[in-house]
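Novice: My file is model_4.tsv. It has TSV, C-alpha atoms:
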```tsv
chain	number	residue	atom	x	y	z
A	1	MET	CA	-28.77	-19.13	-18.06
A	2	HIS	CA	-32.53	-19.57	-18.29
A	3	VAL	CA	-34.95	-17.32	-16.44
A	4	GLU	CA	-36.87	-18.86	-13.56
A	5	VAL	CA	-39.85	-17.21	-11.86
A	6	ALA	CA	-40.57	-18.01	-8.25
A	7	ALA	CA	-42.63	-16.46	-5.45
A	8	THR	CA	-40.17	-17.71	-2.86
A	9	VAL	CA	-36.46	-18.33	-2.91
A	10	PRO	CA	-35.91	-21.58	-4.85
A	11	GLY	CA	-34.44	-24.29	-2.64
A	12	ALA	CA	-34.91	-22.35	0.60
A	13	ALA	CA	-35.78	-25.45	2.61
A	14	PRO	CA	-33.81	-25.85	5.87
A	15	VAL	CA	-30.33	-27.27	5.33
A	16	ALA	CA	-27.55	-28.37	7.66
A	17	THR	CA	-25.28	-25.44	8.57
A	18	ASP	CA	-22.90	-26.96	11.13
A	19	ALA	CA	-19.62	-25.07	10.92
A	20	PRO	CA	-16.30	-26.91	10.81
A	21	ALA	CA	-14.54	-27.39	14.11
A	22	GLY	CA	-12.39	-24.52	15.31
A	23	ALA	CA	-12.59	-20.79	15.81
A	24	LEU	CA	-12.98	-18.40	12.89
A	25	ASP	CA	-9.28	-17.56	12.79
A	26	ALA	CA	-8.30	-21.25	12.60
A	27	ARG	CA	-10.74	-21.84	9.77
A	28	ALA	CA	-9.49	-18.74	7.96
A	29	LYS	CA	-5.91	-19.90	8.38
A	30	ARG	CA	-6.73	-23.23	6.71
A	31	ALA	CA	-8.41	-21.43	3.80
A	32	ALA	CA	-5.53	-18.94	3.57
A	33	ASP	CA	-2.98	-21.76	3.35
A	34	ILE	CA	-4.78	-23.09	0.28
A	35	ALA	CA	-5.15	-19.59	-1.19
A	36	ALA	CA	-1.40	-18.94	-0.80
A	37	ARG	CA	-0.57	-22.19	-2.55
A	38	HIS	CA	-2.37	-21.06	-5.71
A	39	ALA	CA	-1.90	-17.26	-5.52
A	40	ASP	CA	0.92	-17.03	-8.06
A	41	ALA	CA	-0.97	-19.16	-10.60
A	42	VAL	CA	-4.14	-17.10	-10.10
A	43	ASP	CA	-2.14	-13.93	-10.78
A	44	ARG	CA	-0.12	-15.32	-13.67
A	45	GLU	CA	-3.13	-16.83	-15.45
A	46	GLY	CA	-5.56	-14.03	-14.53
A	47	ARG	CA	-8.04	-16.62	-13.36
A	48	PHE	CA	-10.62	-16.86	-10.60
A	49	PRO	CA	-9.17	-18.16	-7.29
A	50	ALA	CA	-11.35	-21.26	-7.45
A	51	GLU	CA	-9.31	-23.28	-4.96
A	52	ALA	CA	-9.40	-20.51	-2.36
A	53	VAL	CA	-13.14	-19.94	-2.74
A	54	ALA	CA	-13.77	-23.69	-2.51
A	55	ALA	CA	-11.78	-23.68	0.74
A	56	LEU	CA	-13.80	-20.72	2.06
A	57	LYS	CA	-16.97	-22.66	1.31
A	58	ALA	CA	-15.61	-25.83	2.90
A	59	GLU	CA	-14.81	-23.84	6.05
A	60	ARG	CA	-18.31	-22.30	5.82
A	61	LEU	CA	-16.94	-18.77	5.92
A	62	LEU	CA	-19.22	-17.25	3.28
A	63	GLY	CA	-22.28	-17.33	5.55
A	64	ILE	CA	-20.76	-16.32	8.88
A	65	GLN	CA	-22.33	-12.84	8.80
A	66	VAL	CA	-25.86	-14.23	8.49
A	67	PRO	CA	-27.71	-14.15	11.85
A	68	ALA	CA	-27.66	-17.39	13.83
A	69	SER	CA	-31.47	-17.49	13.62
A	70	LEU	CA	-31.12	-17.91	9.85
A	71	GLY	CA	-28.38	-20.53	9.94
A	72	GLY	CA	-25.31	-18.28	10.09
A	73	GLU	CA	-22.98	-17.33	12.91
A	74	GLY	CA	-23.76	-13.64	13.35
A	75	ALA	CA	-20.12	-12.64	12.87
A	76	SER	CA	-19.31	-8.99	13.48
A	77	MET	CA	-17.69	-6.62	10.99
A	78	SER	CA	-14.51	-6.71	13.10
A	79	GLU	CA	-14.36	-10.51	12.94
A	80	ILE	CA	-14.82	-10.46	9.17
A	81	ALA	CA	-12.18	-7.73	8.82
A	82	GLU	CA	-9.68	-9.94	10.66
A	83	LEU	CA	-10.33	-12.75	8.20
A	84	CYS	CA	-9.86	-10.33	5.28
A	85	ALA	CA	-6.44	-9.43	6.67
A	86	VAL	CA	-5.47	-13.10	7.07
A	87	LEU	CA	-6.49	-13.81	3.48
A	88	GLY	CA	-4.81	-10.63	2.25
A	89	ARG	CA	-1.45	-11.97	3.39
A	90	ALA	CA	-2.02	-15.12	1.34
A	91	CYS	CA	-3.74	-14.07	-1.90
A	92	SER	CA	-4.90	-10.52	-2.60
A	93	ALA	CA	-7.49	-11.60	-5.16
A	94	ALA	CA	-9.05	-14.26	-2.94
A	95	ALA	CA	-9.15	-11.79	-0.06
A	96	MET	CA	-10.83	-9.16	-2.22
A	97	VAL	CA	-13.44	-11.66	-3.43
A	98	PHE	CA	-14.15	-12.57	0.20
A	99	ALA	CA	-14.38	-8.88	1.17
A	100	MET	CA	-16.69	-7.95	-1.72
A	101	HIS	CA	-18.93	-10.91	-0.93
A	102	HIS	CA	-19.33	-9.79	2.70
A	103	ILE	CA	-19.79	-6.13	1.71
A	104	LYS	CA	-22.91	-7.14	-0.22
A	105	LEU	CA	-24.00	-9.58	2.45
A	106	ALA	CA	-23.81	-6.72	4.99
A	107	SER	CA	-26.44	-4.83	2.98
A	108	LEU	CA	-28.68	-7.89	2.90
A	109	VAL	CA	-28.28	-8.68	6.60
A	110	THR	CA	-28.79	-5.07	7.67
A	111	HIS	CA	-31.75	-4.26	5.44
A	112	GLY	CA	-33.36	-7.55	4.38
A	113	GLY	CA	-34.65	-8.79	7.72
A	114	ASP	CA	-38.18	-7.47	7.20
A	115	SER	CA	-38.67	-9.41	3.96
A	116	THR	CA	-39.67	-13.07	4.04
A	117	TRP	CA	-38.06	-13.62	0.63
A	118	HIS	CA	-34.75	-12.07	1.64
A	119	ARG	CA	-34.69	-13.98	4.95
A	120	GLY	CA	-35.09	-17.15	2.92
A	121	LEU	CA	-32.25	-15.99	0.70
A	122	MET	CA	-30.01	-15.49	3.72
A	123	GLN	CA	-30.82	-19.02	4.84
A	124	ARG	CA	-29.67	-20.27	1.44
A	125	ILE	CA	-26.48	-18.22	1.59
A	126	ALA	CA	-25.58	-19.73	4.96
A	127	GLY	CA	-26.70	-23.23	4.08
A	128	GLU	CA	-25.34	-23.47	0.54
A	129	GLN	CA	-22.41	-21.05	0.93
A	130	MET	CA	-23.61	-18.99	-2.01
A	131	LEU	CA	-21.11	-16.48	-3.43
A	132	ILE	CA	-22.45	-12.92	-3.83
A	133	ALA	CA	-21.26	-10.44	-6.45
A	134	SER	CA	-22.09	-6.77	-6.90
A	135	SER	CA	-23.30	-4.82	-9.93
A	136	THR	CA	-23.11	-1.10	-9.19
A	137	THR	CA	-20.93	0.33	-11.98
A	138	GLU	CA	-22.68	1.03	-15.27
A	139	ALA	CA	-21.80	2.22	-18.75
A	140	GLY	CA	-22.49	5.94	-19.01
A	141	ILE	CA	-21.95	6.70	-15.31
A	142	GLY	CA	-18.89	4.60	-14.47
A	143	GLY	CA	-18.31	4.03	-10.76
A	144	ASP	CA	-20.74	6.69	-9.50
A	145	LEU	CA	-22.38	4.48	-6.88
A	146	ARG	CA	-25.26	6.81	-6.16
A	147	ASN	CA	-26.63	7.06	-9.70
A	148	SER	CA	-28.11	4.50	-12.11
A	149	LEU	CA	-29.35	4.63	-15.69
A	150	CYS	CA	-31.00	1.20	-15.78
A	151	ALA	CA	-34.38	0.76	-14.10
A	152	VAL	CA	-36.65	-1.87	-12.58
A	153	GLU	CA	-39.39	-2.07	-15.20
A	154	ALA	CA	-42.80	-3.49	-14.32
A	155	GLU	CA	-44.04	-6.16	-16.73
A	156	GLY	CA	-47.49	-7.00	-18.05
A	157	THR	CA	-50.77	-5.19	-17.59
A	158	GLY	CA	-51.71	-6.75	-14.26
A	159	ASP	CA	-50.77	-5.58	-10.78
A	160	GLY	CA	-47.10	-5.19	-11.69
A	161	ASP	CA	-45.86	-8.06	-9.55
A	162	THR	CA	-43.05	-8.98	-11.95
A	163	PHE	CA	-40.26	-6.91	-13.46
A	164	ARG	CA	-37.43	-6.94	-15.95
A	165	LEU	CA	-34.01	-5.34	-15.73
A	166	THR	CA	-31.34	-4.69	-18.35
A	167	LYS	CA	-28.04	-3.26	-17.15
A	168	GLU	CA	-24.86	-2.49	-19.10
A	169	ALA	CA	-22.52	-3.30	-16.25
A	170	SER	CA	-19.01	-2.09	-17.06
A	171	VAL	CA	-17.67	-4.25	-14.21
A	172	ILE	CA	-19.04	-7.21	-12.27
A	173	SER	CA	-16.23	-8.76	-10.27
A	174	TYR	CA	-16.36	-12.58	-10.54
A	175	GLY	CA	-19.80	-12.20	-12.09
A	176	ALA	CA	-19.49	-15.42	-14.09
A	177	GLN	CA	-18.69	-17.37	-10.92
A	178	ALA	CA	-21.26	-15.82	-8.56
A	179	ASP	CA	-24.38	-17.59	-7.32
A	180	LEU	CA	-26.15	-14.30	-6.65
A	181	ILE	CA	-25.74	-10.71	-7.87
A	182	LEU	CA	-26.99	-7.66	-5.97
A	183	ALA	CA	-27.54	-4.93	-8.56
A	184	THR	CA	-28.44	-1.25	-8.25
A	185	ALA	CA	-31.08	0.28	-10.51
A	186	ARG	CA	-33.57	3.14	-10.61
A	187	ARG	CA	-36.76	2.30	-8.73
A	188	HIS	CA	-38.84	2.60	-11.94
A	189	LYS	CA	-38.54	3.95	-15.48
A	190	GLU	CA	-39.56	7.51	-14.55
A	191	ALA	CA	-37.41	7.68	-11.41
A	192	ALA	CA	-34.48	10.07	-11.05
A	193	THR	CA	-31.03	8.56	-11.49
A	194	SER	CA	-30.45	8.88	-7.73
A	195	ASP	CA	-33.76	7.17	-6.79
A	196	GLN	CA	-32.25	3.70	-6.58
A	197	VAL	CA	-33.05	0.27	-5.22
A	198	LEU	CA	-30.99	-2.88	-4.68
A	199	VAL	CA	-32.17	-6.00	-6.50
A	200	ALA	CA	-31.26	-9.60	-5.66
A	201	LEU	CA	-30.73	-11.71	-8.79
A	202	LEU	CA	-30.05	-15.44	-8.61
A	203	ALA	CA	-27.62	-16.78	-11.21
A	204	ASP	CA	-30.24	-19.01	-12.85
A	205	GLN	CA	-32.62	-16.05	-13.23
A	206	ILE	CA	-30.37	-13.92	-15.45
A	207	THR	CA	-28.29	-13.91	-18.59
A	208	LEU	CA	-24.80	-12.42	-18.68
A	209	GLU	CA	-23.22	-11.45	-21.99
A	210	ARG	CA	-19.55	-10.59	-21.56
A	211	THR	CA	-18.71	-7.17	-23.03
A	212	SER	CA	-15.14	-6.65	-21.76
A	213	THR	CA	-12.38	-8.68	-20.13
A	214	TRP	CA	-10.26	-7.98	-17.05
A	215	ASP	CA	-6.63	-7.87	-18.17
A	216	THR	CA	-4.94	-5.70	-15.56
A	217	LEU	CA	-1.69	-4.95	-13.78
A	218	GLY	CA	-2.84	-6.47	-10.49
A	219	MET	CA	-5.84	-7.98	-8.68
A	220	ARG	CA	-6.11	-10.15	-11.76
A	221	GLY	CA	-7.96	-12.96	-10.02
A	222	THR	CA	-11.03	-10.86	-9.24
A	223	CYS	CA	-12.07	-11.41	-12.88
A	224	SER	CA	-13.89	-8.08	-13.02
A	225	ASP	CA	-15.25	-8.42	-16.54
A	226	GLY	CA	-17.97	-6.24	-18.04
A	227	PHE	CA	-21.38	-7.76	-18.80
A	228	LEU	CA	-24.73	-6.97	-20.31
A	229	LEU	CA	-27.04	-8.23	-17.57
A	230	LYS	CA	-30.63	-9.15	-18.40
A	231	ALA	CA	-33.45	-10.44	-16.21
A	232	GLU	CA	-37.12	-10.93	-17.10
A	233	GLY	CA	-40.25	-12.11	-15.35
A	234	LEU	CA	-38.86	-11.85	-11.83
A	235	PRO	CA	-41.09	-11.26	-8.79
A	236	VAL	CA	-40.87	-7.75	-7.34
A	237	VAL	CA	-40.40	-9.29	-3.90
A	238	GLN	CA	-36.73	-9.68	-4.84
A	239	VAL	CA	-36.30	-5.89	-4.80
A	240	LEU	CA	-35.24	-4.48	-1.44
A	241	GLN	CA	-37.76	-1.73	-0.80
A	242	LYS	CA	-35.55	0.47	1.36
A	243	PRO	CA	-33.97	3.27	-0.72
A	244	PHE	CA	-30.46	2.39	-1.81
A	245	ALA	CA	-29.31	5.76	-0.47
A	246	GLU	CA	-30.02	4.46	3.04
A	247	ILE	CA	-28.49	1.06	2.33
A	248	ALA	CA	-25.31	2.69	1.04
A	249	ALA	CA	-25.01	5.11	3.97
A	250	GLN	CA	-25.90	2.66	6.74
A	251	SER	CA	-24.06	-0.50	5.65
A	252	MET	CA	-22.35	-0.54	2.26
A	253	LEU	CA	-20.08	2.49	2.75
A	254	ALA	CA	-18.74	1.25	6.07
A	255	ALA	CA	-18.36	-2.37	4.96
A	256	SER	CA	-16.55	-1.36	1.77
A	257	HIS	CA	-13.97	0.93	3.31
A	258	LEU	CA	-13.33	-1.20	6.40
A	259	LEU	CA	-13.09	-4.58	4.67
A	260	TRP	CA	-11.09	-3.28	1.73
A	261	GLY	CA	-8.79	-1.59	4.22
A	262	SER	CA	-8.35	-4.87	6.04
A	263	VAL	CA	-7.37	-6.63	2.81
A	264	TRP	CA	-4.80	-3.92	2.09
A	265	PHE	CA	-3.47	-4.21	5.63
A	266	GLY	CA	-2.96	-7.94	5.06
A	267	ILE	CA	-0.98	-7.25	1.88
A	268	ALA	CA	1.15	-4.59	3.60
A	269	SER	CA	1.69	-6.80	6.64
A	270	TYR	CA	3.02	-9.61	4.44
A	271	ALA	CA	5.42	-7.19	2.73
A	272	VAL	CA	6.78	-5.94	6.06
A	273	ASP	CA	7.27	-9.52	7.24
A	274	ARG	CA	9.28	-10.30	4.10
A	275	ALA	CA	11.41	-7.20	4.70
A	276	ARG	CA	11.92	-8.17	8.33
A	277	ALA	CA	13.00	-11.68	7.38
A	278	PHE	CA	15.45	-10.26	4.83
A	279	VAL	CA	17.03	-7.84	7.33
A	280	GLN	CA	17.28	-10.58	9.98
A	281	ALA	CA	19.03	-12.87	7.47
A	282	GLU	CA	21.48	-10.07	6.62
A	283	ALA	CA	22.15	-9.46	10.31
A	284	ARG	CA	23.02	-13.11	10.86
A	285	LYS	CA	25.61	-12.91	8.08
A	286	LYS	CA	27.42	-10.01	9.79
A	287	PRO	CA	26.99	-10.21	13.56
A	288	GLY	CA	27.37	-6.89	15.34
A	289	GLN	CA	26.50	-4.79	12.29
A	290	VAL	CA	23.15	-3.16	11.61
A	291	PRO	CA	22.09	-4.04	8.02
A	292	PRO	CA	21.59	-1.06	5.67
A	293	GLY	CA	17.90	-1.82	5.26
A	294	ALA	CA	17.12	-1.80	8.98
A	295	LEU	CA	16.21	1.90	9.05
A	296	ARG	CA	13.81	1.53	6.10
A	297	LEU	CA	12.31	-1.51	7.86
A	298	ALA	CA	11.70	0.56	10.99
A	299	GLU	CA	9.93	3.19	8.89
A	300	ALA	CA	7.74	0.57	7.22
A	301	ALA	CA	6.87	-1.02	10.57
A	302	ASN	CA	5.94	2.39	11.95
A	303	GLU	CA	3.69	3.07	8.98
A	304	LEU	CA	2.09	-0.37	9.31
A	305	GLN	CA	1.24	0.33	12.97
A	306	ALA	CA	-0.39	3.62	11.98
A	307	MET	CA	-2.31	1.83	9.24
A	308	ARG	CA	-3.55	-0.80	11.71
A	309	SER	CA	-4.65	1.91	14.14
A	310	THR	CA	-6.68	3.67	11.44
A	311	VAL	CA	-8.54	0.50	10.47
A	312	VAL	CA	-9.12	-0.60	14.07
A	313	ALA	CA	-10.42	2.84	15.06
A	314	GLY	CA	-12.80	2.79	12.09
A	315	LEU	CA	-14.08	-0.65	13.05
A	316	ALA	CA	-14.62	0.49	16.63
A	317	ARG	CA	-16.62	3.51	15.46
A	318	TYR	CA	-18.73	1.28	13.23
A	319	GLU	CA	-19.42	-1.31	15.92
A	320	ALA	CA	-20.46	1.47	18.33
A	321	ALA	CA	-22.83	3.00	15.76
A	322	LYS	CA	-24.25	-0.28	14.44
A	323	GLY	CA	-28.03	-0.43	14.76
A	324	ASP	CA	-28.35	3.36	15.02
A	325	PRO	CA	-29.43	4.71	11.60
A	326	ASP	CA	-28.89	8.32	12.69
A	327	ALA	CA	-25.32	7.64	13.80
A	328	LEU	CA	-24.53	5.66	10.66
A	329	SER	CA	-25.90	8.42	8.44
A	330	ALA	CA	-24.20	11.27	10.31
A	331	ILE	CA	-21.88	13.57	8.37
A	332	GLY	CA	-19.01	13.00	10.79
A	333	PHE	CA	-19.32	9.24	10.42
A	334	SER	CA	-19.22	9.45	6.62
A	335	ILE	CA	-16.17	11.71	6.75
A	336	MET	CA	-14.44	9.26	9.10
A	337	LEU	CA	-15.06	6.36	6.71
A	338	ASN	CA	-13.88	8.38	3.72
A	339	ASN	CA	-10.71	9.25	5.61
A	340	VAL	CA	-10.13	5.60	6.49
A	341	LYS	CA	-10.26	4.65	2.81
A	342	THR	CA	-8.05	7.43	1.44
A	343	THR	CA	-5.52	7.16	4.26
A	344	VAL	CA	-5.20	3.39	4.37
A	345	SER	CA	-5.11	2.93	0.58
A	346	ALA	CA	-2.20	5.38	0.31
A	347	GLN	CA	-0.40	3.89	3.30
A	348	ALA	CA	-0.64	0.37	1.86
A	349	VAL	CA	1.11	1.39	-1.35
A	350	ASP	CA	3.81	3.27	0.56
A	351	ILE	CA	4.47	0.37	2.93
A	352	VAL	CA	4.87	-2.22	0.18
A	353	GLN	CA	7.19	0.12	-1.72
A	354	ARG	CA	9.28	0.66	1.42
A	355	ALA	CA	9.46	-3.10	1.98
A	356	LEU	CA	10.58	-3.58	-1.62
A	357	SER	CA	13.35	-1.02	-1.14
A	358	VAL	CA	14.57	-3.04	1.85
A	359	VAL	CA	14.80	-6.39	0.06
A	360	GLY	CA	15.98	-4.89	-3.25
A	361	LEU	CA	16.42	-7.21	-6.21
A	362	ALA	CA	15.39	-10.23	-4.14
A	363	GLY	CA	11.94	-8.64	-3.92
A	364	TYR	CA	11.91	-7.36	-7.48
A	365	LYS	CA	12.60	-10.83	-8.89
A	366	ASN	CA	9.87	-13.44	-9.04
A	367	GLY	CA	10.36	-16.82	-7.43
A	368	THR	CA	12.51	-15.79	-4.45
A	369	PRO	CA	11.55	-16.10	-0.76
A	370	PHE	CA	11.31	-12.28	-0.71
A	371	SER	CA	9.41	-11.63	-3.96
A	372	LEU	CA	7.00	-8.70	-3.65
A	373	GLY	CA	6.08	-7.99	-7.28
A	374	ARG	CA	2.59	-9.46	-7.03
A	375	GLN	CA	1.85	-7.66	-3.76
A	376	LEU	CA	3.00	-4.32	-5.20
A	377	ARG	CA	0.92	-4.70	-8.35
A	378	ASP	CA	-2.13	-5.75	-6.34
A	379	VAL	CA	-1.91	-2.96	-3.78
A	380	LEU	CA	-1.59	-0.30	-6.49
A	381	SER	CA	-5.32	-0.87	-7.06
A	382	ALA	CA	-6.12	0.48	-3.57
A	383	PRO	CA	-6.22	4.22	-4.37
A	384	LEU	CA	-8.10	3.47	-7.61
A	385	MET	CA	-11.00	1.42	-6.17
A	386	ILE	CA	-13.47	4.30	-5.91
A	387	ASN	CA	-10.80	6.79	-6.87
A	388	ASN	CA	-9.35	8.67	-3.92
A	389	ASP	CA	-9.88	11.99	-5.69
A	390	ARG	CA	-13.61	11.25	-5.96
A	391	ILE	CA	-13.79	10.38	-2.26
A	392	LEU	CA	-11.80	13.46	-1.27
A	393	SER	CA	-14.15	15.60	-3.35
A	394	ASN	CA	-17.11	14.08	-1.50
A	395	THR	CA	-15.38	14.71	1.82
A	396	ALA	CA	-14.72	18.33	0.84
A	397	ASN	CA	-18.46	18.83	0.23
A	398	LEU	CA	-19.31	17.28	3.60
A	399	LEU	CA	-16.78	19.47	5.38
A	400	LEU	CA	-18.58	22.56	4.11
A	401	VAL	CA	-21.46	21.79	6.49
A	402	GLN	CA	-19.71	19.95	9.33
A	403	LYS	CA	-18.86	21.49	12.66
A	404	GLY	CA	-15.61	20.20	14.17
A	405	SER	CA	-15.41	19.18	17.85
A	406	GLY	CA	-11.67	19.57	18.38
A	407	LYS	CA	-11.77	16.60	20.79
A	408	LEU	CA	-9.17	13.84	20.90
A	409	LEU	CA	-11.32	10.86	21.93
A	410	SER	CA	-14.53	11.67	20.07
A	411	ALA	CA	-15.27	13.10	16.64
```
Kindly present the structure from the file in structure tokens form.
Specialist:
Amino acid sequence: MHVEVAATVPGAAPVATDAPAGALDARAKRAADIAARHADAVDREGRFPAEAVAALKAERLLGIQVPASLGGEGASMSEIAELCAVLGRACSAAAMVFAMHHIKLASLVTHGGDSTWHRGLMQRIAGEQMLIASSTTEAGIGGDLRNSLCAVEAEGTGDGDTFRLTKEASVISYGAQADLILATARRHKEAATSDQVLVALLADQITLERTSTWDTLGMRGTCSDGFLLKAEGLPVVQVLQKPFAEIAAQSMLAASHLLWGSVWFGIASYAVDRARAFVQAEARKKPGQVPPGALRLAEAANELQAMRSTVVAGLARYEAAKGDPDALSAIGFSIMLNNVKTTVSAQAVDIVQRALSVVGLAGYKNGTPFSLGRQLRDVLSAPLMINNDRILSNTANLLLVQKGSGKLLSA
């Protein structure tokens, strides 16, 4: 990929953004149907869910979070979470790609409105249905979101209006397929590792040299390869000037935990439906008798309801705090989001395992109407995506300075 230098976003001229007919859920259902059709092949071949992403673009679902004034639909986090759950039932990898895209878009929408360049970029995302990837992990620091080794380095001897960036990214999910990468880096060469910024990098402005491949137990279609990322001669206007610490606290943390949780809910919901269908089929074979798996099904359904309540409550807290930087940065809010992630990720694994115990060998085998092997392998990633122990350690530190309210209806 050759480097291009531009003062404005290339191709940011107004484009048609008419959405397909139908409500968001109808459009998501059409995309999910296509995703489900190819989910097994995506998993088996460890390949990018190209058909699903093409369907998401055709339904114009990649730009729905962009404000209507910039060509999007101004969709809320709750609306996007619902779509993540719908896709999660169909294809875990496609759902996770959709979630990660909107997690990064949330940072851009929330913090890029004051920049002419980034507003133009949002217009392109809505108009062209650009796919956004994230580059936060880095060799030497792993998945520590709030630290970077690489830095935005000013170029030339002039007024420093261009920069270069070299990042040894241990993981960039679907990096080879993305149209845009939002990467974290130190603000400048002398900055502390925690003094970070978020940089928007168009695909034709960078080079990506693959350094590792994604051959995993589950979530194989996210194609989270490692890359050496290089960019040169780019205008500094592409760097979001707000500290990444604020971006992470006020948008990225909430979007990550709530949208990931919604994907995991979709996977768990599918598993419970398969278990329900199995028990109902067994009941029809022996009228008047309660099938052996019915009790385990009831337990799984109970756990799924609790899981749903946790995600919905988190979404409600986020929607109420949206637009209030103090509320979004509050200790109690961060603890709530951490608890959503650790609780829901553990529940998802437990629910799918319970569902598998209900359907037995019919779920353990591939190619049956009750197969759950792919769902189990995919959901096992949930506690590992930002390891739960790391999040619990962060929560423990926050609890040292938090004062509890003891109230039921408010934290």
Novice: For each of A:Thr207, A:Gln238, A:Ser194, A:Ser170, take the minimum atom-to-atom distance to Leu182 (chain A), counting all atoms listed in the file, then give the residue where this is smallest.
Specialist: A:Gln238
Novice: Enumerate, as a ChimeraX atom specification, the protein, DNA and RNA residues whose atoms approach (12.6, -14.5, -1.3) to within 12 Å, taking into account all atoms listed in the file and the coordinate frame of the file.
Specialist: /A:271,273-279,281,356,359-373
Novice: Using all atoms listed in the file, can you tell me which of A:Val312, A:Leu328, A:Ala294, A:Ile386 comes closest to Val358 (chain A)?
Specialist: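 Of A:Val312, A:Leu328, A:Ala294, A:Ile386, the one nearest Val358 (chain A) is A:Ala294, counting all atoms listed in the file.
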Novice: Show which residues sit within 7 Å of region 341-355 of chain A, as a list in words. Count all atoms listed in the file, and ignore same-chain residues fewer than 6 positions away.
Specialist: His257, Gly261, Trp264, Phe265, Ala268, Ala271, Val272, Ala275, Arg296, Leu297, Ala300, Glu303, Leu304, Met307, Leu376, Val379, Leu380, Ala382, Pro383 and Asn388 of chain A
Novice: Using only C-alpha atoms - which residues lie no farther than 6 Å from the point (-35.9, -3.8, -10.9) in the file's frame? Write them as a VMD selection string.
Specialist: chain A and resid 151 to 153 163 165
Novice: Show me, as lines of an AutoDock Vina configuration file, the centre and edge lengths in Å to one decimal of the axis-aligned box that covers every listed atom of region 254-262 of chain A with 4 Å on each side.
Specialist:
```
center_x = -13.5
center_y = -1.8
center_z = 4.1
size_x = 18.4
size_y = 14.1
size_z = 12.7
```
Novice: Would you mind telling me which residue in A:Ile64, A:Leu217, A:Val97, A:Ala313 lies nearest to Trp260 (chain A) when using only C-alpha atoms?
Specialist: A:Val97
Novice: From the options A:Ala95, A:Ala154, A:Ala330, A:Leu201, which residue's atoms come nearest to Ala81 (chain A), counting all atoms listed in the file?
Specialist: A:Ala95
Novice: For region 391-398 of chain A, find every residue with an atom within 7 Å (counting all atoms listed in the file), except residues of its own chain fewer than 3 positions away, and show them as a PyMOL selection string.
Specialist: chain A and resi 331+335+338+387-388+401-402
Novice: Write a file of the selected residues as a compact mmCIF listing (two decimals), keeping the file's coordinate frame, keeping C-alpha atoms.
Specialist:
```txt
# COMPACT_ATOMS: atom_id res chain seq x y z
CA ILE A 331 -21.88 13.57 8.37
CA ILE A 335 -16.17 11.71 6.75
CA ASN A 338 -13.88 8.38 3.72
CA ASN A 387 -10.80 6.79 -6.87
CA ASN A 388 -9.35 8.67 -3.92
CA VAL A 401 -21.46 21.79 6.49
CA GLN A 402 -19.71 19.95 9.33
```
Novice: In Å to one decimal, how far is CA of Leu240 (chain A) from CA of Leu198 (chain A)?
Specialist: 5.6 Å
